[in-house]
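Enquirer: First the structure, which I've put down as structure tokens, then a few questions once you've had a look.
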Amino acid sequence: MSLGASVASIGLFTSSFMFTSAMLAPKLGGLSDKMGRKRVILWGLLGDVIFGTLTGLVPSWHWLLLIRTLNGAVTAAATLPAEALVIDHTPEDRRGEATGFVTVCGMIGRSLGPAFGVRSSQFASSTRLSLVDSYRVPYFVDAALAALAMMLVAWKIKEGRRVTRPPLGLPAIKKRKSVPIPISRSLKILFLCAFANGIALGFVMPISVLFYRDKFGAEPVLIGFIISLSGFIGLLASWIGGRISDRLGRKPVIGIGGISSRLAGMVLPLSLDLNQATFFLALRSLGFNINMPAMQALRADIVPEEARGRLFGLYRASFTWGISWVL
């Protein structure tokens with residue numbers, strides 16, 4: 001609001017970011033199928049560096065909205081091919097473990113990110129920067145981290161799929177137009193499940209905050225602790241759930257995690273006290289995070305390699321549309 005944005009317009013920043021990310025995810029994933037994962041990831045990280053820096057320099061909230069909208073596209077370019085690249089490098093019998101591990105890493109980053117951003121802003125404020133300028137500093141830090149990630153990817157990451165290119169000095173051979181790969185019924189069901197999971201995630205968490213405040217009179221600090229605790233429990237479950245799905249099969253783990261999560265969500269409003277509500281929220285998080293790696297590994301098992309990026313993008317878009325639908 002320090003840039004002149006109204007309270008009503010603040011939601012546009014999140015929705016615009018998610019909209020462009022969801023819309024372009026299939027296209028960017030398909031691009032990584034044709035040009036290689038590493039190249040698209042590097043483009044996305046370069047975009048993060050540029051737009052992260054520009055975010056710290058914006059003069060008004062209108063410019064901030066435009067940059068956040070564009071940033072959604074480059075973030076999808078950086079993260080979506082990375083998901084496909086993980087599967088490219090992972091044996092089939094360890095896909096659940098790999099997706100669970102990546103999920104854990106992402107959750108750790110999302111948990112530490114806000115605290116890291118606040119600390120960098122507070123440090124900037126202590127150096128006699130104005131309040132508005134101190135809010136800009138975390139975006140410069142974000143751009144620096146993206147630059148570091150870009151260097152690491154360029155230096156250490158190997159391309160997972162073989163990308164054919166013509167020899168130097170020879171013209172490219174004109175290829176026939178690729179035949180579209182049909183989407184199987186199993187994949188359509190997975191897309192529907194991703195959409196439903198997005199709705200569940202986007203709906204329950206904001207409502208939980210109001211529920212704890214209005215029914216039990218919990219203070220914001222306590223509510224944040226409860227949500228963080230449930231997230232930490234889910235964090236531990238992701239990697240374990242992925243490993244179990246490699247051994248017992250994807251569908252049993254998906255069923256156990258999904259059913260337990262939904263049942264806990266149904267019982268949560270009936271909690272008699274704060275302890276019960278915390279338990280059911282943690283149980284819901286546990287089931288949800290057991291379900292997700294197995295679901296993503298099943299997606300990897302079903303998707304043909306030559307269309308992995310594009311179909312992963314459709315899956316990501318389905319999940320994001322589910323979240324956006326209830327916001």
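Ligands are numbered from 1 in the order shown, residues from 1 within each chain, and chains are lettered A, B, ... in the order they appear in the structure tokens.
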Write out as a PyMOL selection string each polymer residue whose atoms come within 10 Å of A:Asp273, counting only C-alpha atoms; drop sequence neighbours fewer than 6 positions from it.

Expert: chain A and resi 212+215-216

Enquirer: Skip stretch 263-265 of chain A itself and residues of its chain fewer than 3 positions away, then list as an mmCIF file with N, CA, C and O atoms, in the first residue's frame all residues within 12 Å of it, counting only C-alpha atoms.

Expert:
data_model
loop_
_atom_site.group_PDB
_atom_site.id
_atom_site.type_symbol
_atom_site.label_atom_id
_atom_site.label_comp_id
_atom_site.auth_asym_id
_atom_site.auth_seq_id
_atom_site.Cartn_x
_atom_site.Cartn_y
_atom_site.Cartn_z
ATOM 1 N N ALA A 200 -8.886 -27.537 -2.674
ATOM 2 C CA ALA A 200 -8.751 -27.850 -1.249
ATOM 3 C C ALA A 200 -7.700 -26.971 -0.583
ATOM 4 O O ALA A 200 -7.914 -26.441 0.517
ATOM 5 N N LEU A 201 -6.567 -26.807 -1.256
ATOM 6 C CA LEU A 201 -5.494 -25.994 -0.671
ATOM 7 C C LEU A 201 -5.884 -24.521 -0.615
ATOM 8 O O LEU A 201 -5.657 -23.841 0.396
ATOM 9 N N PHE A 203 -8.852 -23.243 -0.520
ATOM 10 C CA PHE A 203 -10.054 -22.974 0.271
ATOM 11 C C PHE A 203 -9.822 -23.124 1.768
ATOM 12 O O PHE A 203 -10.216 -22.271 2.564
ATOM 13 N N VAL A 204 -9.153 -24.215 2.148
ATOM 14 C CA VAL A 204 -9.083 -24.558 3.565
ATOM 15 C C VAL A 204 -8.167 -23.629 4.350
ATOM 16 O O VAL A 204 -8.505 -23.197 5.461
ATOM 17 N N MET A 205 -7.007 -23.286 3.805
ATOM 18 C CA MET A 205 -6.054 -22.516 4.597
ATOM 19 C C MET A 205 -6.576 -21.134 4.990
ATOM 20 O O MET A 205 -6.482 -20.751 6.164
ATOM 21 N N ILE A 207 -9.700 -20.215 5.254
ATOM 22 C CA ILE A 207 -10.826 -20.441 6.159
ATOM 23 C C ILE A 207 -10.335 -20.872 7.535
ATOM 24 O O ILE A 207 -10.926 -20.522 8.568
ATOM 25 N N SER A 208 -9.237 -21.624 7.570
ATOM 26 C CA SER A 208 -8.705 -22.079 8.858
ATOM 27 C C SER A 208 -8.317 -20.903 9.745
ATOM 28 O O SER A 208 -8.530 -20.931 10.963
ATOM 29 N N GLY A 255 -4.685 -43.186 -2.329
ATOM 30 C CA GLY A 255 -5.968 -43.407 -1.662
ATOM 31 C C GLY A 255 -5.900 -43.148 -0.169
ATOM 32 O O GLY A 255 -6.755 -42.451 0.394
ATOM 33 N N ILE A 256 -4.871 -43.681 0.479
ATOM 34 C CA ILE A 256 -4.737 -43.498 1.931
ATOM 35 C C ILE A 256 -4.554 -42.025 2.274
ATOM 36 O O ILE A 256 -5.212 -41.480 3.170
ATOM 37 N N GLY A 257 -3.654 -41.363 1.553
ATOM 38 C CA GLY A 257 -3.412 -39.950 1.831
ATOM 39 C C GLY A 257 -4.615 -39.078 1.530
ATOM 40 O O GLY A 257 -4.976 -38.196 2.314
ATOM 41 N N GLY A 258 -5.253 -39.325 0.387
ATOM 42 C CA GLY A 258 -6.393 -38.502 -0.002
ATOM 43 C C GLY A 258 -7.585 -38.669 0.922
ATOM 44 O O GLY A 258 -8.211 -37.688 1.344
ATOM 45 N N ILE A 259 -7.908 -39.911 1.262
ATOM 46 C CA ILE A 259 -9.072 -40.157 2.122
ATOM 47 C C ILE A 259 -8.841 -39.609 3.524
ATOM 48 O O ILE A 259 -9.723 -38.963 4.111
ATOM 49 N N SER A 260 -7.653 -39.855 4.082
ATOM 50 C CA SER A 260 -7.377 -39.356 5.433
ATOM 51 C C SER A 260 -7.395 -37.829 5.472
ATOM 52 O O SER A 260 -7.887 -37.222 6.436
ATOM 53 N N LEU A 268 -12.676 -31.380 11.082
ATOM 54 C CA LEU A 268 -12.066 -30.174 11.650
ATOM 55 C C LEU A 268 -13.085 -29.154 12.171
ATOM 56 O O LEU A 268 -12.926 -28.637 13.290
ATOM 57 N N PRO A 269 -14.164 -28.842 11.442
ATOM 58 C CA PRO A 269 -15.121 -27.852 11.965
ATOM 59 C C PRO A 269 -15.862 -28.308 13.220
ATOM 60 O O PRO A 269 -16.468 -27.477 13.911
ATOM 61 N N LEU A 270 -15.824 -29.610 13.514
ATOM 62 C CA LEU A 270 -16.529 -30.143 14.683
ATOM 63 C C LEU A 270 -15.650 -30.168 15.932
ATOM 64 O O LEU A 270 -16.089 -30.663 16.977
ATOM 65 N N SER A 271 -14.445 -29.646 15.829
ATOM 66 C CA SER A 271 -13.515 -29.661 16.965
ATOM 67 C C SER A 271 -14.113 -28.922 18.158
ATOM 68 O O SER A 271 -14.737 -27.865 18.017
ATOM 69 N N GLN A 276 -7.913 -30.037 19.707
ATOM 70 C CA GLN A 276 -8.509 -30.931 18.720
ATOM 71 C C GLN A 276 -8.387 -30.353 17.309
ATOM 72 O O GLN A 276 -8.066 -31.068 16.354
ATOM 73 N N ALA A 277 -8.645 -29.069 17.186
ATOM 74 C CA ALA A 277 -8.561 -28.429 15.875
ATOM 75 C C ALA A 277 -7.139 -28.503 15.321
ATOM 76 O O ALA A 277 -6.936 -28.734 14.122
ATOM 77 N N THR A 278 -6.156 -28.312 16.188
ATOM 78 C CA THR A 278 -4.754 -28.407 15.762
ATOM 79 C C THR A 278 -4.425 -29.819 15.307
ATOM 80 O O THR A 278 -3.741 -30.023 14.295
ATOM 81 N N PHE A 279 -4.922 -30.805 16.042
ATOM 82 C CA PHE A 279 -4.677 -32.205 15.683
ATOM 83 C C PHE A 279 -5.267 -32.534 14.315
ATOM 84 O O PHE A 279 -4.599 -33.145 13.468
ATOM 85 N N PHE A 280 -6.500 -32.120 14.074
ATOM 86 C CA PHE A 280 -7.151 -32.451 12.805
ATOM 87 C C PHE A 280 -6.518 -31.696 11.633
ATOM 88 O O PHE A 280 -6.429 -32.229 10.523
ATOM 89 N N LEU A 281 -6.070 -30.472 11.873
ATOM 90 C CA LEU A 281 -5.387 -29.741 10.812
ATOM 91 C C LEU A 281 -4.055 -30.410 10.470
ATOM 92 O O LEU A 281 -3.682 -30.525 9.295
ATOM 93 N N ALA A 282 -3.338 -30.866 11.504
ATOM 94 C CA ALA A 282 -2.077 -31.570 11.266
ATOM 95 C C ALA A 282 -2.324 -32.890 10.540
ATOM 96 O O ALA A 282 -1.557 -33.270 9.639
ATOM 97 N N LEU A 283 -3.402 -33.586 10.910
ATOM 98 C CA LEU A 283 -3.739 -34.846 10.243
ATOM 99 C C LEU A 283 -4.098 -34.600 8.780
ATOM 100 O O LEU A 283 -3.716 -35.374 7.896
ATOM 101 N N ARG A 284 -4.801 -33.514 8.536
ATOM 102 C CA ARG A 284 -5.131 -33.164 7.152
ATOM 103 C C ARG A 284 -3.863 -32.883 6.345
ATOM 104 O O ARG A 284 -3.713 -33.334 5.207
ATOM 105 N N SER A 285 -2.942 -32.129 6.929
ATOM 106 C CA SER A 285 -1.685 -31.830 6.254
ATOM 107 C C SER A 285 -0.880 -33.104 6.006
ATOM 108 O O SER A 285 -0.266 -33.272 4.942
ATOM 109 N N LEU A 286 -0.902 -34.012 6.971
ATOM 110 C CA LEU A 286 -0.182 -35.274 6.833
ATOM 111 C C LEU A 286 -0.711 -36.069 5.643
ATOM 112 O O LEU A 286 0.054 -36.529 4.789
ATOM 113 N N GLY A 287 -2.033 -36.217 5.571
ATOM 114 C CA GLY A 287 -2.621 -36.970 4.468
ATOM 115 C C GLY A 287 -2.389 -36.307 3.122
ATOM 116 O O GLY A 287 -2.078 -36.975 2.126
ATOM 117 N N PHE A 288 -2.529 -34.990 3.091
ATOM 118 C CA PHE A 288 -2.358 -34.252 1.837
ATOM 119 C C PHE A 288 -0.940 -34.417 1.304
ATOM 120 O O PHE A 288 -0.731 -34.619 0.103
#

Enquirer: Write out as JSON, numbers by chain the set of residues from stretch 4-245 of chain A that DSSP, computed on the backbone, places in helix (DSSP H, G or I).

Expert: {"A": [7, 8, 9, 10, 11, 12, 13, 14, 15, 16, 17, 18, 19, 20, 21, 22, 23, 24, 25, 26, 27, 28, 29, 30, 31, 32, 33, 34, 35, 37, 38, 39, 40, 41, 42, 43, 44, 45, 46, 47, 48, 49, 50, 51, 52, 53, 54, 55, 61, 62, 63, 64, 65, 66, 67, 68, 69, 70, 71, 72, 73, 74, 75, 76, 77, 78, 79, 80, 81, 82, 83, 84, 85, 86, 87, 88, 89, 92, 93, 94, 95, 96, 97, 98, 99, 100, 101, 102, 103, 104, 105, 106, 107, 108, 109, 110, 111, 112, 113, 114, 115, 116, 117, 118, 119, 120, 121, 122, 123, 124, 125, 126, 131, 132, 133, 134, 135, 136, 137, 138, 139, 140, 141, 142, 143, 144, 145, 146, 147, 148, 149, 150, 151, 152, 153, 154, 155, 156, 185, 186, 187, 188, 189, 190, 191, 192, 193, 194, 195, 196, 197, 198, 199, 200, 201, 202, 203, 204, 205, 206, 207, 208, 209, 210, 211, 212, 213, 214, 215, 216, 220, 221, 222, 223, 224, 225, 226, 227, 228, 229, 230, 231, 232, 233, 234, 235, 236, 237, 238, 239, 240, 241, 242, 243, 244, 245]}

Enquirer: I'd like the contact shell of A:Lys38 - 10 Å cut-off, only C-alpha atoms, skipping same-chain residues fewer than 4 positions apart - returned as an mmCIF file with N, CA and C atoms, in the first residue's frame.

Expert:
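Result file follows (result.cif):
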data_model
loop_
_atom_site.group_PDB
_atom_site.id
_atom_site.type_symbol
_atom_site.label_atom_id
_atom_site.label_comp_id
_atom_site.auth_asym_id
_atom_site.auth_seq_id
_atom_site.Cartn_x
_atom_site.Cartn_y
_atom_site.Cartn_z
ATOM 1 N N SER A 32 10.225 -26.884 -23.449
ATOM 2 C CA SER A 32 11.346 -27.636 -22.873
ATOM 3 C C SER A 32 11.454 -29.031 -23.481
ATOM 4 N N LEU A 42 17.217 -21.826 -17.666
ATOM 5 C CA LEU A 42 18.120 -20.672 -17.632
ATOM 6 C C LEU A 42 17.408 -19.403 -18.083
ATOM 7 N N TRP A 43 16.574 -19.510 -19.104
ATOM 8 C CA TRP A 43 15.795 -18.344 -19.524
ATOM 9 C C TRP A 43 14.885 -17.868 -18.398
ATOM 10 N N GLY A 44 14.233 -18.828 -17.728
ATOM 11 C CA GLY A 44 13.343 -18.456 -16.641
ATOM 12 C C GLY A 44 14.075 -17.789 -15.489
ATOM 13 N N ALA A 78 11.128 -21.343 -15.157
ATOM 14 C CA ALA A 78 12.242 -21.825 -14.338
ATOM 15 C C ALA A 78 11.895 -23.096 -13.577
ATOM 16 N N PRO A 81 10.090 -26.876 -16.151
ATOM 17 C CA PRO A 81 11.057 -27.803 -16.755
ATOM 18 C C PRO A 81 11.940 -28.498 -15.715
ATOM 19 N N ALA A 82 12.133 -27.840 -14.558
ATOM 20 C CA ALA A 82 12.926 -28.476 -13.507
ATOM 21 C C ALA A 82 12.225 -29.733 -12.985
ATOM 22 N N LEU A 85 12.838 -32.302 -15.517
ATOM 23 C CA LEU A 85 14.250 -32.682 -15.514
ATOM 24 C C LEU A 85 14.553 -33.668 -14.387
ATOM 25 N N VAL A 153 22.916 -23.823 -12.183
ATOM 26 C CA VAL A 153 22.299 -24.631 -13.235
ATOM 27 C C VAL A 153 23.218 -24.709 -14.451
ATOM 28 N N ALA A 154 23.771 -23.564 -14.850
ATOM 29 C CA ALA A 154 24.658 -23.544 -16.018
ATOM 30 C C ALA A 154 25.914 -24.383 -15.785
ATOM 31 N N ILE A 157 24.180 -28.567 -13.802
ATOM 32 C CA ILE A 157 23.052 -29.373 -14.261
ATOM 33 C C ILE A 157 23.306 -29.896 -15.671
ATOM 34 N N LYS A 158 23.028 -31.179 -15.863
ATOM 35 C CA LYS A 158 23.147 -31.795 -17.178
ATOM 36 C C LYS A 158 21.757 -31.987 -17.774
ATOM 37 N N GLU A 159 21.696 -31.866 -19.089
ATOM 38 C CA GLU A 159 20.426 -32.057 -19.776
ATOM 39 C C GLU A 159 19.974 -33.501 -19.616
ATOM 40 N N GLY A 160 18.703 -33.678 -19.275
ATOM 41 C CA GLY A 160 18.201 -35.027 -19.025
ATOM 42 C C GLY A 160 17.840 -35.775 -20.289
ATOM 43 N N ARG A 161 17.263 -35.061 -21.256
ATOM 44 C CA ARG A 161 16.867 -35.684 -22.509
ATOM 45 C C ARG A 161 17.820 -35.258 -23.615
#

Enquirer: Which polymer residues have any atom within 7 Å of an atom of stretch 64-73 of chain A, counting only C-alpha atoms, with same-chain residues fewer than 4 positions away left out, as a list of chain:residue names?

Expert: A:Phe13, A:Ser16, A:Phe17, A:Met18, A:Thr20, A:Ser21, A:Leu24, A:Asp48, A:Phe51, A:Thr55, A:Val58, A:Ser60, A:Ala77

Enquirer: So, counting only C-alpha atoms, which residue among A:Leu248, A:Ile323, A:Ala237, A:Val141 is closest to A:Ala194?

Expert: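 Selected residue with least distance to A:Ala194: A:Ile323.
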